[in-house]
Structures are given as structure tokens and as C-alpha cells.
>>> print(open('protein_33.tsv').read())   # TSV, C-alpha atoms
chain	number	residue	atom	x	y	z
A	1	MET	CA	0.00	0.00	0.00
A	2	ALA	CA	1.32	3.40	-0.98
A	3	ILE	CA	1.93	5.74	1.96
A	4	PRO	CA	0.40	9.22	1.54
A	5	ILE	CA	3.13	11.87	1.82
A	6	LEU	CA	3.02	15.64	1.53
A	7	VAL	CA	5.72	17.76	-0.11
A	8	VAL	CA	5.53	21.41	0.98
A	9	ASP	CA	7.52	24.15	-0.74
A	10	ASP	CA	6.58	27.47	-2.32
A	11	SER	CA	8.76	26.70	-5.32
A	12	ALA	CA	7.35	24.22	-7.82
A	13	MET	CA	10.90	23.56	-8.96
A	14	SER	CA	11.97	22.72	-5.47
A	15	ARG	CA	9.03	20.32	-4.99
A	16	LYS	CA	10.01	18.64	-8.24
A	17	LEU	CA	13.61	18.25	-7.06
A	18	VAL	CA	12.46	16.80	-3.72
A	19	ILE	CA	10.08	14.34	-5.40
A	20	LYS	CA	12.82	13.30	-7.82
A	21	ALA	CA	15.17	12.65	-4.91
A	22	LEU	CA	12.78	10.27	-3.12
A	23	PRO	CA	14.07	6.69	-3.02
A	24	PRO	CA	12.50	4.97	-6.08
A	25	GLU	CA	11.66	1.87	-4.04
A	26	TRP	CA	9.60	3.89	-1.54
A	27	ASP	CA	5.94	3.28	-2.41
A	28	VAL	CA	4.25	6.62	-1.90
A	29	GLU	CA	1.28	8.65	-3.01
A	30	VAL	CA	2.58	12.22	-3.35
A	31	HIS	CA	0.51	15.25	-2.38
A	32	GLN	CA	1.85	18.80	-2.72
A	33	ALA	CA	1.29	22.18	-1.09
A	34	GLY	CA	2.71	25.61	-1.98
A	35	ASN	CA	2.69	27.23	1.47
A	36	GLY	CA	2.09	26.42	5.11
A	37	GLN	CA	-1.63	27.14	5.10
A	38	GLU	CA	-2.17	24.90	2.09
A	39	ALA	CA	-0.02	22.29	3.79
A	40	LEU	CA	-2.28	22.15	6.86
A	41	ASN	CA	-5.39	21.84	4.67
A	42	THR	CA	-3.86	19.18	2.44
A	43	TYR	CA	-2.49	17.37	5.47
A	44	LYS	CA	-6.03	16.91	6.79
A	45	SER	CA	-7.53	15.78	3.48
A	46	SER	CA	-4.65	13.51	2.45
A	47	LYS	CA	-3.95	12.04	5.91
A	48	ALA	CA	-0.27	12.25	4.99
A	49	GLU	CA	1.97	10.15	7.21
A	50	VAL	CA	5.18	11.87	6.18
A	51	MET	CA	5.63	15.57	5.48
A	52	LEU	CA	8.66	16.96	3.64
A	53	LEU	CA	8.60	20.57	4.74
A	54	ASP	CA	10.37	23.72	3.53
A	55	LEU	CA	10.90	26.56	6.05
A	56	THR	CA	11.00	29.85	4.15
A	57	MET	CA	7.57	30.26	2.54
A	58	PRO	CA	5.03	33.06	2.07
A	59	VAL	CA	1.64	33.12	3.87
A	60	MET	CA	2.71	30.63	6.54
A	61	ASP	CA	6.25	29.38	7.01
A	62	GLY	CA	7.51	25.96	8.04
A	63	PHE	CA	8.02	26.89	11.69
A	64	GLU	CA	4.37	27.93	11.92
A	65	VAL	CA	3.28	24.65	10.31
A	66	LEU	CA	5.20	22.70	12.95
A	67	GLU	CA	3.66	24.84	15.70
A	68	ALA	CA	0.15	24.29	14.33
A	69	LEU	CA	0.67	20.53	14.07
A	70	LYS	CA	1.94	20.43	17.63
A	71	ARG	CA	-1.02	22.47	18.87
A	72	ASP	CA	-3.49	20.16	17.15
A	73	GLY	CA	-1.76	17.09	18.52
A	74	SER	CA	-1.10	15.91	14.95
A	75	LYS	CA	1.96	13.73	14.64
A	76	PRO	CA	3.02	13.12	11.06
A	77	PHE	CA	6.71	12.36	10.54
A	78	VAL	CA	8.05	15.73	9.47
A	79	ILE	CA	11.35	15.95	7.64
A	80	VAL	CA	12.40	19.57	7.18
A	81	ILE	CA	14.19	20.22	3.89
A	82	SER	CA	15.55	23.72	3.99
A	83	ALA	CA	17.98	26.20	2.55
A	84	ASP	CA	17.96	27.96	5.92
A	85	VAL	CA	20.83	26.01	7.45
A	86	GLN	CA	21.43	28.00	10.65
A	87	PRO	CA	22.09	25.78	13.67
A	88	LYS	CA	19.31	27.64	15.48
A	89	ALA	CA	16.83	26.80	12.74
A	90	GLN	CA	17.80	23.15	13.06
A	91	GLU	CA	17.44	23.22	16.84
A	92	ARG	CA	14.09	24.96	16.61
A	93	VAL	CA	12.48	22.51	14.20
A	94	LYS	CA	13.65	19.56	16.28
A	95	GLU	CA	12.09	21.16	19.36
A	96	LEU	CA	8.89	21.57	17.40
A	97	GLY	CA	8.81	17.88	16.63
A	98	ALA	CA	10.51	17.42	13.26
A	99	ILE	CA	12.34	14.10	13.05
A	100	ALA	CA	15.10	15.38	10.79
A	101	PHE	CA	16.61	18.45	9.17
A	102	LEU	CA	18.06	18.02	5.70
A	103	LYS	CA	19.89	20.71	3.77
A	104	LYS	CA	18.97	21.72	0.25
A	105	PRO	CA	19.89	20.57	-2.33
A	106	ILE	CA	18.51	17.28	-1.10
A	107	LYS	CA	20.19	13.93	-1.73
A	108	THR	CA	18.42	10.56	-2.03
A	109	ASP	CA	20.81	8.83	0.39
A	110	GLU	CA	20.07	11.35	3.13
A	111	ILE	CA	16.30	10.88	2.86
A	112	LYS	CA	16.78	7.14	2.74
A	113	GLN	CA	18.80	7.15	5.93
A	114	VAL	CA	16.13	9.08	7.83
A	115	LEU	CA	13.33	6.88	6.50
A	116	LYS	CA	15.19	3.74	7.53
A	117	GLU	CA	15.98	5.12	10.95
A	118	TYR	CA	12.25	5.63	11.58
A	119	GLY	CA	11.21	2.33	10.02
A	120	LEU	CA	9.42	4.11	7.18
A	121	LEU	CA	11.44	2.23	4.58
A	122	SER	CA	12.83	-1.26	4.98
B	1	MET	CA	18.17	46.45	-26.85
B	2	LYS	CA	15.17	44.24	-26.22
B	3	MET	CA	15.77	41.87	-23.37
B	4	GLN	CA	14.88	38.22	-23.55
B	5	SER	CA	13.20	37.53	-20.23
B	6	LEU	CA	13.68	34.31	-18.31
B	7	SER	CA	11.35	31.41	-19.07
B	8	PRO	CA	9.12	30.22	-16.19
B	9	ASP	CA	11.40	27.19	-15.74
B	10	GLN	CA	14.50	29.38	-15.66
B	11	THR	CA	12.87	31.73	-13.14
B	12	ASP	CA	11.87	28.82	-10.92
B	13	THR	CA	15.36	27.38	-11.10
B	14	LEU	CA	17.00	30.70	-10.31
B	15	GLN	CA	14.57	31.23	-7.44
B	16	GLU	CA	15.57	27.91	-5.93
B	17	ILE	CA	19.27	28.55	-6.48
B	18	VAL	CA	18.99	31.98	-4.84
B	19	ASN	CA	17.01	30.43	-2.01
B	20	ILE	CA	19.83	28.01	-1.23
B	21	ALA	CA	22.46	30.74	-1.58
B	22	MET	CA	20.47	33.07	0.67
B	23	GLY	CA	20.30	30.32	3.28
B	24	GLN	CA	24.08	30.06	3.25
B	25	ALA	CA	24.40	33.85	3.55
B	26	GLY	CA	21.92	33.89	6.45
B	27	ASP	CA	23.89	31.15	8.17
B	28	SER	CA	27.14	33.09	7.80
B	29	LEU	CA	25.52	36.22	9.23
B	30	ALA	CA	23.93	34.24	12.08
B	31	ARG	CA	27.34	32.88	13.06
B	32	VAL	CA	28.96	36.30	13.08
B	33	LEU	CA	26.16	37.95	15.06
B	34	ASP	CA	25.33	34.90	17.15
B	35	SER	CA	21.64	35.57	16.46
B	36	PHE	CA	18.87	33.88	14.57
B	37	VAL	CA	18.44	35.46	11.14
B	38	LYS	CA	14.99	35.55	9.61
B	39	LEU	CA	14.97	35.03	5.86
B	40	SER	CA	12.37	36.17	3.35
B	41	VAL	CA	11.39	34.50	0.10
B	42	PRO	CA	13.72	35.96	-2.55
B	43	ARG	CA	12.15	38.06	-5.29
B	44	ILE	CA	13.45	37.96	-8.83
B	45	LYS	CA	12.48	40.25	-11.65
B	46	LEU	CA	13.79	41.69	-14.86
B	47	ILE	CA	13.72	45.46	-14.58
B	48	GLU	CA	14.52	48.50	-16.62
B	49	VAL	CA	17.43	50.12	-14.83
B	50	ALA	CA	15.70	53.48	-15.11
B	51	ASN	CA	13.04	52.08	-12.74
B	52	ALA	CA	15.46	50.62	-10.22
B	53	GLY	CA	15.23	53.64	-7.91
B	54	PRO	CA	11.43	53.58	-7.55
B	55	GLY	CA	11.65	49.81	-7.00
B	56	ILE	CA	13.95	50.35	-4.04
B	57	ILE	CA	11.64	52.99	-2.59
B	58	LYS	CA	8.91	50.35	-2.56
B	59	LEU	CA	11.26	48.04	-0.70
B	60	VAL	CA	12.16	50.46	2.08
B	61	ASN	CA	10.02	53.41	3.09
B	62	ASN	CA	11.26	56.62	1.61
B	63	ASP	CA	11.22	58.26	5.05
B	64	VAL	CA	13.73	55.80	6.47
B	65	LEU	CA	17.35	56.87	6.25
B	66	ILE	CA	19.51	54.20	4.73
B	67	THR	CA	23.13	53.55	4.10
B	68	ALA	CA	24.09	51.56	1.03
B	69	VAL	CA	27.19	49.55	0.29
B	70	ARG	CA	28.00	48.42	-3.22
B	71	GLN	CA	30.20	45.62	-4.47
B	72	SER	CA	30.76	44.69	-8.11
B	73	PHE	CA	31.15	41.13	-9.23
B	74	TYR	CA	32.56	39.90	-12.50
B	75	ASP	CA	33.87	36.89	-14.50
B	76	ASP	CA	31.23	34.33	-15.58
B	77	LEU	CA	28.42	36.43	-14.13
B	78	SER	CA	28.67	40.16	-13.72
B	79	GLY	CA	26.76	42.91	-12.03
B	80	GLU	CA	26.41	44.91	-8.86
B	81	ALA	CA	25.37	43.84	-5.39
B	82	ILE	CA	23.94	46.54	-3.16
B	83	THR	CA	23.36	46.01	0.53
B	84	LEU	CA	20.99	48.43	2.25
B	85	PHE	CA	21.05	49.11	5.98
B	86	SER	CA	18.80	51.35	8.03
B	87	ALA	CA	20.37	53.67	10.60
B	88	GLU	CA	18.78	51.62	13.39
B	89	GLY	CA	20.09	48.46	11.81
B	90	CYS	CA	23.61	49.88	11.87
B	91	ARG	CA	23.37	50.49	15.62
B	92	ASP	CA	22.10	46.95	16.18
B	93	LEU	CA	25.00	45.58	14.19
B	94	SER	CA	27.64	47.48	16.13
B	95	ASP	CA	26.02	46.34	19.34
B	96	LEU	CA	25.88	42.67	18.32
B	97	MET	CA	29.43	42.75	17.06
B	98	GLY	CA	30.56	44.03	20.44
B	99	TYR	CA	31.35	47.64	19.65
B	100	GLN	CA	30.39	50.66	21.71
B	101	THR	CA	27.02	52.08	20.67
B	102	ASP	CA	28.36	55.39	19.44
B	103	LEU	CA	30.74	54.43	16.73
B	104	ASP	CA	32.96	56.84	14.94
B	105	PRO	CA	32.00	56.96	11.25
B	106	HIS	CA	35.15	55.16	10.20
B	107	THR	CA	34.49	52.12	12.40
B	108	GLU	CA	30.83	52.09	11.47
B	109	ARG	CA	31.79	51.87	7.82
B	110	GLU	CA	34.08	48.98	8.57
B	111	VAL	CA	31.26	47.12	10.31
B	112	LEU	CA	28.96	47.67	7.34
B	113	PHE	CA	31.66	46.60	4.88
B	114	ASP	CA	32.26	43.43	6.88
B	115	VAL	CA	28.58	42.55	6.90
B	116	SER	CA	28.22	43.39	3.21
B	117	ASN	CA	31.20	41.16	2.41
B	118	ILE	CA	29.62	38.31	4.36
B	119	LEU	CA	26.20	38.59	2.73
B	120	VAL	CA	27.35	39.33	-0.80
B	121	GLY	CA	30.16	36.79	-0.71
B	122	ALA	CA	28.05	33.96	0.68
B	123	CYS	CA	25.04	34.68	-1.48
B	124	LEU	CA	26.84	35.16	-4.79
B	125	ASN	CA	29.33	32.37	-4.19
B	126	GLY	CA	26.34	30.15	-3.37
B	127	ILE	CA	24.72	31.04	-6.68
B	128	ALA	CA	27.96	30.66	-8.64
B	129	GLU	CA	28.82	27.34	-7.05
B	130	GLN	CA	25.49	25.80	-8.01
B	131	LEU	CA	25.89	27.05	-11.57
B	132	ASN	CA	29.55	26.01	-11.81
B	133	ALA	CA	30.47	29.62	-12.52
B	134	ASN	CA	33.51	31.60	-11.40
B	135	LEU	CA	33.16	34.97	-9.71
B	136	SER	CA	35.42	37.71	-8.45
B	137	PHE	CA	34.42	40.65	-6.30
B	138	SER	CA	35.47	44.23	-5.88
B	139	ALA	CA	35.99	45.63	-2.40
B	140	PRO	CA	32.86	47.17	-0.87
B	141	SER	CA	32.35	50.89	-1.25
B	142	LEU	CA	29.88	53.25	0.28
B	143	ILE	CA	27.46	54.69	-2.24
B	144	ALA	CA	25.10	56.47	0.12
B	145	GLU	CA	25.08	57.33	3.77
B	146	ASN	CA	21.98	58.25	5.75
B	147	THR	CA	20.00	59.16	2.70
B	148	THR	CA	16.48	58.37	1.54
B	149	ALA	CA	15.86	55.52	-0.89
B	150	GLY	CA	14.71	57.96	-3.56
B	151	ALA	CA	18.11	59.61	-3.71
B	152	LEU	CA	19.96	56.33	-3.82
B	153	LEU	CA	20.05	55.14	-7.39
B	154	ALA	CA	20.24	57.82	-9.98
B	155	PRO	CA	18.88	56.53	-13.30
B	156	ASP	CA	22.30	56.76	-14.92
B	157	SER	CA	24.26	55.10	-12.13
B	158	LEU	CA	24.28	51.69	-13.81
B	159	PRO	CA	25.50	51.52	-17.40
B	160	TRP	CA	22.81	49.11	-18.61
B	161	ASP	CA	19.22	49.37	-19.84
B	162	TYR	CA	17.98	46.19	-18.24
B	163	ALA	CA	19.02	44.26	-15.21
B	164	LEU	CA	17.93	41.12	-13.50
B	165	GLN	CA	17.11	42.17	-9.98
B	166	VAL	CA	17.28	39.68	-7.14
B	167	GLU	CA	16.12	40.85	-3.72
B	168	VAL	CA	16.78	39.10	-0.47
B	169	ASN	CA	15.93	40.39	3.01
B	170	PHE	CA	17.58	39.47	6.27
B	171	SER	CA	16.18	40.50	9.64
B	172	LEU	CA	16.84	39.68	13.27
B	173	GLU	CA	14.34	38.73	15.93
B	174	GLN	CA	13.93	41.23	18.79
B	175	ARG	CA	16.04	43.75	16.92
B	176	ASN	CA	15.35	46.45	14.40
B	177	PHE	CA	18.08	45.24	12.13
B	178	ILE	CA	16.92	44.60	8.62
B	179	SER	CA	19.12	44.42	5.58
B	180	HIS	CA	18.12	44.21	1.93
B	181	LEU	CA	20.48	42.66	-0.52
B	182	ILE	CA	19.83	43.65	-4.11
B	183	ILE	CA	21.76	41.93	-6.84
B	184	MET	CA	21.60	43.53	-10.26
B	185	MET	CA	22.89	41.38	-13.05
B	186	ALA	CA	24.07	43.12	-16.17
B	187	GLU	CA	22.13	42.48	-19.35
B	188	ASP	CA	25.03	40.77	-21.10
B	189	ALA	CA	25.38	38.49	-18.06
B	190	ILE	CA	21.74	37.44	-18.27
B	191	GLU	CA	22.33	35.35	-21.38
B	192	SER	CA	25.18	33.46	-19.77
B	193	LEU	CA	23.00	33.04	-16.67
B	194	GLN	CA	20.23	31.60	-18.86
B	195	ARG	CA	22.64	29.09	-20.39
B	196	SER	CA	23.84	28.05	-16.93
B	197	LEU	CA	20.26	27.67	-15.73
B	198	ASP	CA	19.42	25.45	-18.71
B	199	VAL	CA	22.39	23.22	-17.95
B	200	PHE	CA	21.30	23.05	-14.30
B	201	LEU	CA	17.74	22.17	-15.37
B	202	GLU	CA	18.94	19.37	-17.63
B	203	THR	CA	21.25	17.82	-15.09
B	204	SER	CA	19.20	18.11	-11.92
>>> encode(input="protein_33.tsv", output="C-alpha cells")
Amino acid sequence: MAIPILVVDDSAMSRKLVIKALPPEWDVEVHQAGNGQEALNTYKSSKAEVMLLDLTMPVMDGFEVLEALKRDGSKPFVIVISADVQPKAQERVKELGAIAFLKKPIKTDEIKQVLKEYGLLS
Amino acid sequence: MKMQSLSPDQTDTLQEIVNIAMGQAGDSLARVLDSFVKLSVPRIKLIEVANAGPGIIKLVNNDVLITAVRQSFYDDLSGEAITLFSAEGCRDLSDLMGYQTDLDPHTEREVLFDVSNILVGACLNGIAEQLNANLSFSAPSLIAENTTAGALLAPDSLPWDYALQVEVNFSLEQRNFISHLIIMMAEDAIESLQRSLDVFLETS
């Protein structure tokens, strides 16, 4: 059964690059959102189990998405994929419940490692 | 000269490349200031240089006094990078970098040049690296001090008709510091940028 996942980034190009970097053997049904607000809506309708989340976005940024998920008691596996590579940004997203912080440009091996660590990919 | 604008794919690619480069610049600044730097979504547009001034006024209020530092870059890509600081932002910077609050003008300039070097260097090197391009930089120079945005860019201050304008903003939490980085790429550099973007698109 394909796992529903949600790729969130304001850049269509960036979403394309993330989707391309997903391990080919990972059976997923990909949903997409272009900002944080859309992400929260799509998260509810798609019941995504894994969220690949950008941080710097218009309307609602990635930090706010993590805060909203935490407030609602929602617990998808969130992997932050960001160009904002400050140590404080990394600390902050971990505190807000993200399981991993990956730097852009994203590499397949790095996603794979996180997925395996959390038993999301065998 | 009529300018060939970027295709939607090229714009998207450049946006993403600038995004990554801006992240590296923000990280460099965060390390120097030991503060969390808030990044904005970069804006990219092809402009007529004659309209660059009004564009900057939209960016910062015309009643705010700003100081601007300019650095040229050249080689595979060429253009001008302008870093804008507000007067309040300058004070925040001196404070965070451990100087006394009332800086003599000479030291204040040095602080601004240092920060400009960090932002421009990290951002443009980040862009160049992703595009496999080589870049060199001129030393920073002050082009305006405590002036309004309207007086900043005279229409004839850049020797081109068109420029690709990339805008990135950096701000600090709990501080008034905000800095705008504006990169203007020369029109003859745009074509080489387009070729690099196409190569990036094909190989990514």
C-alpha cells in the first residue's frame, strides 16, 4: 500500500527536485502544497503520514506549520528540507517535533537514511 | 536592446538557487552575530534600470534613512550587489558585534563593509557554485550614507538598460536590524546566466 506523503515548498521547482530525490523503491502517493496554510489543509484531506517541509515560505512558514501541528496534537513524521541552514533553525524545528533536518539541495541517500531510521522504509 | 526575459522554468530554477544561496548567507551572518536570522522568500524580476530607484523605494520606506554599500562582481556572471542598511540596523550591528554604541563613522563603515562582504560573498558564491560559474568581487564601497531611498540610485548610475534584480531580506528577531540585498545582473550576463540555468535544469 502506498503511503500518503506531503511535499511542501513554495517553489514548484523545489518540490520537483524533492520528489525526484525520493528513493525509487519507496511506495508513496505524493501530495503537494505551496505554502504552510495549504499544507495544513492538504495534510487533513490527504492524511499524509510523512511531510517533507520547507521553512521559508510566504503566507505561513515551516516553523508555523510545525507549531500548528503540535497544537493540534497531529503527529506526522516531518522531515524539514531547507535552505535555511542556521544551527538555530535546526534546533528549533527539532524542538517543534521534526524528526530530521536536511539541507537543500537534497540527496536521495540522506532521505533514505532518515526513513530507515524511523522504520518508514525497509 | 530588447531583453529576452527568463522562461518560467528558468525563473523557478533561479529562485531555488537563490534560495539556497540566501540560506548560506543567512547562516554566515547568524554565526557572526550569534543571532537567529529571519529570511524572506527571494524576489526575482527583470527590470529596466531606469526604474530601479522607484523599486527600491517600494522596498524600504522613503522616510527611512539608509546607508548603502555596493560591491561589483565579475567573471562568468557580472553585475552589482547593493546592501541596504537602516540607521537603526547599523546600531544593532555594532552592538551585536561588540562595539560601543556610538561608533565613529570610520568604524561604522568597517562594520557595514564586513557585513556586506559576508552577505554578498556567501550569497553570490552560493549562486555561482550551483551554476559552476567563477566569480570575483570588488571591495565594498559606500554609495550612500543616511540618505532616503529615492536619492539612492540615480537613473544613470548603472551603465545598462535592463538588469535582472534579485532581492533578499535578512532580519533579526527582537532587533530592528533589517538588511536588503539587491543583486543587479548586467544584461550581457543574463544570457550566460540563462545558459547556466538550462544546464542546471537538464542535469538536476
>>> atom_distance(input="protein_33.tsv", atom1="atom CA of B:Ile82", atom2="atom CA of B:Gly23")
17.8 Å
>>> residues_near_point(input="protein_33.tsv", point="(22.2, 32.1, 21.7)", cutoff="12 Å", atoms="all atoms listed in the file", output="PDB file with C-alpha atoms, keeping the file's coordinate frame")
ATOM      1  CA  GLN A  86      21.430  28.000  10.650  1.00  0.00           C
ATOM      2  CA  PRO A  87      22.090  25.780  13.670  1.00  0.00           C
ATOM      3  CA  LYS A  88      19.310  27.640  15.480  1.00  0.00           C
ATOM      4  CA  ALA A  89      16.830  26.800  12.740  1.00  0.00           C
ATOM      5  CA  GLU A  91      17.440  23.220  16.840  1.00  0.00           C
ATOM      6  CA  ARG A  92      14.090  24.960  16.610  1.00  0.00           C
TER       7      ARG A  92
ATOM      8  CA  ALA B  30      23.930  34.240  12.080  1.00  0.00           C
ATOM      9  CA  ARG B  31      27.340  32.880  13.060  1.00  0.00           C
ATOM     10  CA  VAL B  32      28.960  36.300  13.080  1.00  0.00           C
ATOM     11  CA  LEU B  33      26.160  37.950  15.060  1.00  0.00           C
ATOM     12  CA  ASP B  34      25.330  34.900  17.150  1.00  0.00           C
ATOM     13  CA  SER B  35      21.640  35.570  16.460  1.00  0.00           C
ATOM     14  CA  PHE B  36      18.870  33.880  14.570  1.00  0.00           C
ATOM     15  CA  VAL B  37      18.440  35.460  11.140  1.00  0.00           C
ATOM     16  CA  LEU B  96      25.880  42.670  18.320  1.00  0.00           C
ATOM     17  CA  GLU B 173      14.340  38.730  15.930  1.00  0.00           C
TER      18      GLU B 173
END
>>> closest_atom_pairs(input="protein_33.tsv", of="chain A", to="chain B", cutoff="10 Å", atoms="all atoms listed in the file", output="Markdown table")
| residue | atom | partner | partner_atom | distance |
| --- | --- | --- | --- | --- |
| A:Asp10 | CA | B:Val41 | CA | 8.9 |
| A:Ser11 | CA | B:Asp12 | CA | 6.7 |
| A:Ala12 | CA | B:Asp12 | CA | 7.2 |
| A:Met13 | CA | B:Asp12 | CA | 5.7 |
| A:Ser14 | CA | B:Glu16 | CA | 6.3 |
| A:Lys16 | CA | B:Ser204 | CA | 9.9 |
| A:Leu17 | CA | B:Ser204 | CA | 7.4 |
| A:Lys20 | CA | B:Ser204 | CA | 9.0 |
| A:Ala21 | CA | B:Ser204 | CA | 9.8 |
| A:Leu55 | CA | B:Leu39 | CA | 9.4 |
| A:Thr56 | CA | B:Val41 | CA | 6.2 |
| A:Met57 | CA | B:Val41 | CA | 6.2 |
| A:Pro58 | CA | B:Val41 | CA | 6.8 |
| A:Asp61 | CA | B:Ser40 | CA | 9.8 |
| A:Ser82 | CA | B:Ile20 | CA | 8.0 |
| A:Ala83 | CA | B:Ile20 | CA | 4.6 |
| A:Asp84 | CA | B:Gly23 | CA | 4.2 |
| A:Val85 | CA | B:Gly23 | CA | 6.0 |
| A:Gln86 | CA | B:Asp27 | CA | 4.7 |
| A:Pro87 | CA | B:Asp27 | CA | 7.9 |
| A:Lys88 | CA | B:Phe36 | CA | 6.3 |
| A:Ala89 | CA | B:Phe36 | CA | 7.6 |
| A:Lys103 | CA | B:Ile20 | CA | 8.8 |
| A:Lys104 | CA | B:Ile20 | CA | 6.5 |
| A:Pro105 | CA | B:Ile20 | CA | 7.5 |
>>> closest_residue(input="protein_33.tsv", among="B:Ser86, B:Ser78, B:Ser7, B:Asn62", to="B:Ile178", atoms="all atoms listed in the file")
B:Ser86
>>> closest_residue(input="protein_33.tsv", among="B:Ala189, B:Cys90, B:Ala144, B:Ala149", to="B:Lys58", atoms="only C-alpha atoms")
B:Ala149
>>> atom_distance(input="protein_33.tsv", atom1="atom CA of B:Glu110", atom2="atom CA of B:Arg175")
20.6 Å
>>> atom_distance(input="protein_33.tsv", atom1="atom CA of A:Met60", atom2="atom CA of A:Glu38")
8.7 Å
>>> closest_residue(input="protein_33.tsv", among="A:Asp27, A:Lys112, A:Ile19, A:Ala98", to="A:Phe77", atoms="only C-alpha atoms")
A:Ala98
>>> axis_aligned_box(input="protein_33.tsv", around="stretch 112-120 of chain B", padding_each_side="3 Å", output="AutoDock Vina command-line options")
--center_x 29.2 --center_y 43.0 --center_z 3.3 --size_x 12.1 --size_y 15.4 --size_z 14.1
>>> closest_residue(input="protein_33.tsv", among="A:Ala33, A:Val7, A:Leu22, A:Leu40", to="A:Leu115", atoms="only C-alpha atoms")
A:Leu22
>>> residues_around(input="protein_33.tsv", residues="A:Ser46", least_positions_apart="4", cutoff="9 Å", atoms="only C-alpha atoms", output="ChimeraX atom specification")
/A:4-6,31,41-42
